[in-house]
Amino acid sequence: MDPNSGRTTANDLALRLLTGTIPELGRGPRAGVKSVSELDAALAAVAGVPPANREVLRALVLLWHDHWDLAHGAVQELASEDAAYVHGIAHRREPDYWNAKYWFRRVTAHRIWPDLAGEARARREAVPEFKAFDFGGSPGRWEPLAFVDFVEAAARRPAEDPQPRFARDLQAVEMRLLCRHLAGQ
């Protein structure tokens with residue numbers, strides 16, 4: 001909470017709205033997600049979000065809470081790289097992997113990718129059963145198209161298998177980093 005305005009800050013948003021069980025690799029639905037009206041009310045209280053990011057941020061939050069159709073509709077006509085990124089995540093979760101790759105190709109070098117690559121490496125090293133998972137590329141570089149392939153392969157495996165668990169974990173990290181970026185942090 002911003003003590004000067006009493007409004008929710010970007011970091012509060014990420015902590016408050018992107019919590020609970022992490023999204024599935026598919027569309028959902030899953031138990032425990034917030035309603036659209038709850039999410040819209042929470043988003044209205046967020047201070048400091050650049051106006052150009054508001055609708056993209058809303059789409060990301062809706063996507064976290066399995067409101068796929070609304071999230072997709074929100075980014076469908078937007079032209080920014082951030083909108084393309086969220087659009088790619090939506091299609092990756094749909095699942096429409098070819099279309100996800102189309103949207104990720106429209107993102108040249110996103111600001112969160114170095115942090116995301118670092119998180120992927122750290123999580124891979126910290127959990128013995130994740131050590132085998134790699135998406136190619138050079139160290140410190142995130143490869144979104146390779147991650148789409150990884151998610152596609154993971155989605156075919158049993159939920160308790162390490163590959164889908166690792167993919168869901170990284171997807172959650174990706175969405176939280178993107179949320180903070182969009183909220184202007």
# chains A, B, ... in the order shown; residues from 1 in each chain; ligands from 1

$ residues_around --residues "A:Ala52" --least-positions-apart "2" --cutoff "12 Å" --atoms "only C-alpha atoms" --output "list of chain:residue names"
A:Gly48, A:Val49, A:Pro50, A:Arg54, A:Glu55, A:Val56, A:Leu57, A:Arg58, A:Leu78, A:Ala79, A:Ser80, A:Glu81, A:Asp82, A:Ala83, A:Leu182, A:Ala183, A:Gly184

$ write_last_selection --atoms "C-alpha atoms" --output "PDB file, in the first residue's frame"
ATOM      1  CA  GLY A  48       0.772   4.172 -10.833  1.00  0.00           C
ATOM      2  CA  VAL A  49       0.009   1.810 -13.719  1.00  0.00           C
ATOM      3  CA  PRO A  50       0.923   3.519 -16.989  1.00  0.00           C
ATOM      4  CA  ARG A  54      -3.891  -1.010 -17.950  1.00  0.00           C
ATOM      5  CA  GLU A  55      -5.771  -3.253 -20.402  1.00  0.00           C
ATOM      6  CA  VAL A  56      -2.792  -5.570 -20.917  1.00  0.00           C
ATOM      7  CA  LEU A  57      -2.362  -5.879 -17.146  1.00  0.00           C
ATOM      8  CA  ARG A  58      -6.078  -6.647 -16.777  1.00  0.00           C
ATOM      9  CA  LEU A  78      -3.851  -4.287 -28.942  1.00  0.00           C
ATOM     10  CA  ALA A  79      -0.598  -3.686 -30.832  1.00  0.00           C
ATOM     11  CA  SER A  80       2.089  -3.384 -28.144  1.00  0.00           C
ATOM     12  CA  GLU A  81       4.810  -5.956 -27.483  1.00  0.00           C
ATOM     13  CA  ASP A  82       3.397  -6.407 -23.987  1.00  0.00           C
ATOM     14  CA  ALA A  83      -0.020  -7.232 -25.467  1.00  0.00           C
ATOM     15  CA  LEU A 182       3.145  -3.841 -16.615  1.00  0.00           C
ATOM     16  CA  ALA A 183       2.258  -2.262 -13.301  1.00  0.00           C
ATOM     17  CA  GLY A 184       5.247   0.050 -13.705  1.00  0.00           C
TER      18      GLY A 184
END

$ closest_residue --among "A:His91, A:Glu129, A:Phe104, A:Leu177" --to "A:Pro164" --atoms "only C-alpha atoms"
A:Glu129

$ closest_residue --among "A:Arg16, A:Arg180, A:His72, A:Arg121" --to "A:Arg141" --atoms "only C-alpha atoms"
A:Arg121

$ select_by_dssp --residues "chain A" --states "alpha helix (DSSP H)" --output "PyMOL selection string"
chain A and resi 10-17+36-44+54-64+68-76+81-93+97-104+113-126+144-155+162-182

$ residues_around --residues "A:Leu70" --least-positions-apart "6" --cutoff "9 Å" --atoms "only C-alpha atoms" --output "list in words"
Ala59, Leu62 and Leu63 of chain A

$ atom_distance --atom1 "atom CA of A:Ala146" --atom2 "atom CA of A:Thr21"
24.7 Å

$ residues_around --residues "stretch 94-103 of chain A" --least-positions-apart "2" --cutoff "7 Å" --atoms "only C-alpha atoms" --output "VMD selection string"
chain A and resid 26 to 27 84 to 85 87 to 92 105 to 106 145 148

$ residues_around --residues "stretch 153-155 of chain A" --least-positions-apart "6" --cutoff "10 Å" --atoms "only C-alpha atoms" --output "list in words"
Glu24, Leu25, Gly26, Arg93, Pro95, Phe147, Asp161, Pro162, Gln163, Pro164, Arg165, Phe166, Ala167 and Arg168 of chain A

$ write_last_selection --atoms "N, CA and C atoms" --output "short mmCIF file (atom, residue, chain, number, x, y, z; two decimals), in the first residue's frame"
data_model
loop_
_atom_site.label_atom_id
_atom_site.label_comp_id
_atom_site.auth_asym_id
_atom_site.auth_seq_id
_atom_site.Cartn_x
_atom_site.Cartn_y
_atom_site.Cartn_z
N GLU A 24 -2.83 -23.73 -14.40
CA GLU A 24 -2.50 -24.94 -15.14
C GLU A 24 -1.84 -24.54 -16.46
N LEU A 25 -1.30 -25.52 -17.15
CA LEU A 25 -0.75 -25.24 -18.48
C LEU A 25 -1.87 -24.99 -19.47
N GLY A 26 -3.03 -25.59 -19.24
CA GLY A 26 -4.19 -25.39 -20.09
C GLY A 26 -5.05 -24.24 -19.59
N ARG A 93 -1.68 -21.37 -23.30
CA ARG A 93 -2.58 -22.03 -22.35
C ARG A 93 -3.83 -22.58 -23.03
N PRO A 95 -4.84 -24.87 -25.47
CA PRO A 95 -3.53 -24.72 -26.11
C PRO A 95 -3.64 -24.63 -27.64
N PHE A 147 10.28 -22.52 -24.98
CA PHE A 147 9.42 -22.78 -23.83
C PHE A 147 8.04 -23.26 -24.28
N ASP A 161 4.22 -35.53 -12.91
CA ASP A 161 5.53 -35.64 -13.53
C ASP A 161 6.30 -34.33 -13.32
N PRO A 162 7.62 -34.40 -13.19
CA PRO A 162 8.39 -33.16 -12.97
C PRO A 162 8.29 -32.14 -14.11
N GLN A 163 8.15 -32.58 -15.35
CA GLN A 163 8.16 -31.62 -16.46
C GLN A 163 6.95 -30.68 -16.41
N PRO A 164 5.71 -31.16 -16.25
CA PRO A 164 4.61 -30.20 -16.14
C PRO A 164 4.69 -29.34 -14.88
N ARG A 165 5.21 -29.89 -13.79
CA ARG A 165 5.35 -29.08 -12.58
C ARG A 165 6.35 -27.95 -12.80
N PHE A 166 7.46 -28.26 -13.46
CA PHE A 166 8.47 -27.24 -13.76
C PHE A 166 7.90 -26.20 -14.73
N ALA A 167 7.17 -26.64 -15.74
CA ALA A 167 6.58 -25.71 -16.71
C ALA A 167 5.57 -24.79 -16.04
N ARG A 168 4.72 -25.33 -15.17
CA ARG A 168 3.75 -24.49 -14.45
C ARG A 168 4.46 -23.50 -13.55
#

$ atom_distance --atom1 "atom CA of A:Ala120" --atom2 "atom CA of A:Gly28"
23.6 Å

$ residues_around --residues "A:Arg111" --least-positions-apart "2" --cutoff "10 Å" --atoms "only C-alpha atoms" --output "MDAnalysis selection string"
chainID A and resid 82 108:109 113:116 177:178 181

$ closest_residue --among "A:Ala117, A:Ala122, A:Leu43, A:Ala159" --to "A:Val61" --atoms "only C-alpha atoms"
A:Leu43

$ decode --residues "stretch 53-100 of chain A" --atoms "N, CA and C atoms" --output "tab-separated table (two decimals), in the first residue's frame"
chain	number	residue	atom	x	y	z
A	53	ASN	N	-0.68	0.47	-20.23
A	53	ASN	CA	-0.53	-0.91	-19.74
A	53	ASN	C	-1.78	-1.45	-19.06
A	54	ARG	N	-2.74	-0.59	-18.76
A	54	ARG	CA	-3.89	-1.01	-17.95
A	54	ARG	C	-4.64	-2.21	-18.54
A	55	GLU	N	-4.98	-2.17	-19.81
A	55	GLU	CA	-5.77	-3.25	-20.40
A	55	GLU	C	-4.94	-4.53	-20.54
A	56	VAL	N	-3.67	-4.39	-20.82
A	56	VAL	CA	-2.79	-5.57	-20.92
A	56	VAL	C	-2.64	-6.21	-19.54
A	57	LEU	N	-2.47	-5.37	-18.51
A	57	LEU	CA	-2.36	-5.88	-17.15
A	57	LEU	C	-3.65	-6.59	-16.75
A	58	ARG	N	-4.79	-6.01	-17.08
A	58	ARG	CA	-6.08	-6.65	-16.78
A	58	ARG	C	-6.15	-8.01	-17.46
A	59	ALA	N	-5.73	-8.09	-18.71
A	59	ALA	CA	-5.76	-9.36	-19.44
A	59	ALA	C	-4.88	-10.40	-18.75
A	60	LEU	N	-3.71	-9.99	-18.30
A	60	LEU	CA	-2.81	-10.92	-17.62
A	60	LEU	C	-3.43	-11.44	-16.34
A	61	VAL	N	-4.02	-10.55	-15.56
A	61	VAL	CA	-4.65	-10.96	-14.30
A	61	VAL	C	-5.84	-11.87	-14.57
A	62	LEU	N	-6.64	-11.54	-15.58
A	62	LEU	CA	-7.76	-12.42	-15.96
A	62	LEU	C	-7.25	-13.80	-16.37
A	63	LEU	N	-6.16	-13.82	-17.10
A	63	LEU	CA	-5.59	-15.08	-17.56
A	63	LEU	C	-5.11	-15.93	-16.38
A	64	TRP	N	-4.48	-15.30	-15.39
A	64	TRP	CA	-4.04	-16.01	-14.19
A	64	TRP	C	-5.23	-16.72	-13.54
A	65	HIS	N	-6.37	-16.04	-13.54
A	65	HIS	CA	-7.56	-16.56	-12.87
A	65	HIS	C	-8.49	-17.33	-13.82
A	66	ASP	N	-7.95	-17.80	-14.93
A	66	ASP	CA	-8.64	-18.70	-15.86
A	66	ASP	C	-9.84	-18.08	-16.58
A	67	HIS	N	-9.87	-16.78	-16.70
A	67	HIS	CA	-10.91	-16.11	-17.50
A	67	HIS	C	-10.34	-15.92	-18.90
A	68	TRP	N	-10.13	-17.06	-19.58
A	68	TRP	CA	-9.40	-17.07	-20.84
A	68	TRP	C	-10.07	-16.22	-21.91
A	69	ASP	N	-11.36	-16.39	-22.11
A	69	ASP	CA	-12.04	-15.67	-23.19
A	69	ASP	C	-11.93	-14.16	-23.02
A	70	LEU	N	-12.15	-13.67	-21.81
A	70	LEU	CA	-12.04	-12.23	-21.56
A	70	LEU	C	-10.60	-11.75	-21.72
A	71	ALA	N	-9.65	-12.53	-21.22
A	71	ALA	CA	-8.23	-12.14	-21.35
A	71	ALA	C	-7.84	-12.06	-22.82
A	72	HIS	N	-8.23	-13.08	-23.57
A	72	HIS	CA	-7.89	-13.10	-24.99
A	72	HIS	C	-8.55	-11.93	-25.72
A	73	GLY	N	-9.79	-11.68	-25.43
A	73	GLY	CA	-10.50	-10.57	-26.06
A	73	GLY	C	-9.86	-9.23	-25.75
A	74	ALA	N	-9.32	-9.09	-24.54
A	74	ALA	CA	-8.70	-7.82	-24.13
A	74	ALA	C	-7.43	-7.52	-24.92
A	75	VAL	N	-6.66	-8.54	-25.26
A	75	VAL	CA	-5.39	-8.29	-25.97
A	75	VAL	C	-5.50	-8.49	-27.48
A	76	GLN	N	-6.63	-9.00	-27.94
A	76	GLN	CA	-6.80	-9.35	-29.35
A	76	GLN	C	-6.48	-8.19	-30.30
A	77	GLU	N	-6.91	-6.99	-29.96
A	77	GLU	CA	-6.75	-5.85	-30.87
A	77	GLU	C	-5.64	-4.89	-30.47
A	78	LEU	N	-4.91	-5.19	-29.40
A	78	LEU	CA	-3.85	-4.29	-28.94
A	78	LEU	C	-2.56	-4.58	-29.70
A	79	ALA	N	-1.76	-3.54	-29.95
A	79	ALA	CA	-0.60	-3.69	-30.83
A	79	ALA	C	0.75	-3.65	-30.12
A	80	SER	N	0.80	-3.50	-28.82
A	80	SER	CA	2.09	-3.38	-28.14
A	80	SER	C	2.77	-4.74	-28.01
A	81	GLU	N	4.08	-4.71	-27.75
A	81	GLU	CA	4.81	-5.96	-27.48
A	81	GLU	C	4.29	-6.63	-26.22
A	82	ASP	N	3.94	-5.82	-25.22
A	82	ASP	CA	3.40	-6.41	-23.99
A	82	ASP	C	2.09	-7.15	-24.27
A	83	ALA	N	1.23	-6.56	-25.10
A	83	ALA	CA	-0.02	-7.23	-25.47
A	83	ALA	C	0.27	-8.52	-26.24
A	84	ALA	N	1.24	-8.47	-27.15
A	84	ALA	CA	1.62	-9.67	-27.89
A	84	ALA	C	2.12	-10.76	-26.94
A	85	TYR	N	2.86	-10.35	-25.91
A	85	TYR	CA	3.37	-11.30	-24.94
A	85	TYR	C	2.22	-12.00	-24.21
A	86	VAL	N	1.28	-11.21	-23.70
A	86	VAL	CA	0.14	-11.80	-22.98
A	86	VAL	C	-0.70	-12.64	-23.95
A	87	HIS	N	-0.83	-12.18	-25.18
A	87	HIS	CA	-1.56	-12.94	-26.20
A	87	HIS	C	-0.88	-14.30	-26.43
A	88	GLY	N	0.44	-14.30	-26.46
A	88	GLY	CA	1.18	-15.55	-26.61
A	88	GLY	C	0.95	-16.50	-25.44
A	89	ILE	N	0.94	-15.97	-24.23
A	89	ILE	CA	0.67	-16.80	-23.05
A	89	ILE	C	-0.75	-17.38	-23.14
A	90	ALA	N	-1.69	-16.55	-23.56
A	90	ALA	CA	-3.08	-17.02	-23.68
A	90	ALA	C	-3.15	-18.21	-24.65
A	91	HIS	N	-2.52	-18.08	-25.80
A	91	HIS	CA	-2.59	-19.18	-26.77
A	91	HIS	C	-1.77	-20.39	-26.32
A	92	ARG	N	-0.72	-20.16	-25.58
A	92	ARG	CA	0.03	-21.29	-25.03
A	92	ARG	C	-0.86	-22.07	-24.07
A	93	ARG	N	-1.68	-21.37	-23.30
A	93	ARG	CA	-2.58	-22.03	-22.35
A	93	ARG	C	-3.83	-22.58	-23.03
A	94	GLU	N	-4.14	-22.14	-24.22
A	94	GLU	CA	-5.41	-22.51	-24.87
A	94	GLU	C	-5.60	-24.03	-25.02
A	95	PRO	N	-4.84	-24.87	-25.47
A	95	PRO	CA	-3.53	-24.72	-26.11
A	95	PRO	C	-3.64	-24.63	-27.64
A	96	ASP	N	-2.97	-23.63	-28.15
A	96	ASP	CA	-2.79	-23.46	-29.60
A	96	ASP	C	-1.33	-23.03	-29.75
A	97	TYR	N	-0.44	-24.01	-29.76
A	97	TYR	CA	0.99	-23.75	-29.67
A	97	TYR	C	1.52	-22.99	-30.89
A	98	TRP	N	1.04	-23.31	-32.06
A	98	TRP	CA	1.49	-22.60	-33.25
A	98	TRP	C	1.15	-21.12	-33.13
A	99	ASN	N	-0.08	-20.81	-32.71
A	99	ASN	CA	-0.52	-19.43	-32.56
A	99	ASN	C	0.25	-18.73	-31.44
A	100	ALA	N	0.55	-19.45	-30.37
A	100	ALA	CA	1.37	-18.87	-29.30
A	100	ALA	C	2.72	-18.42	-29.86
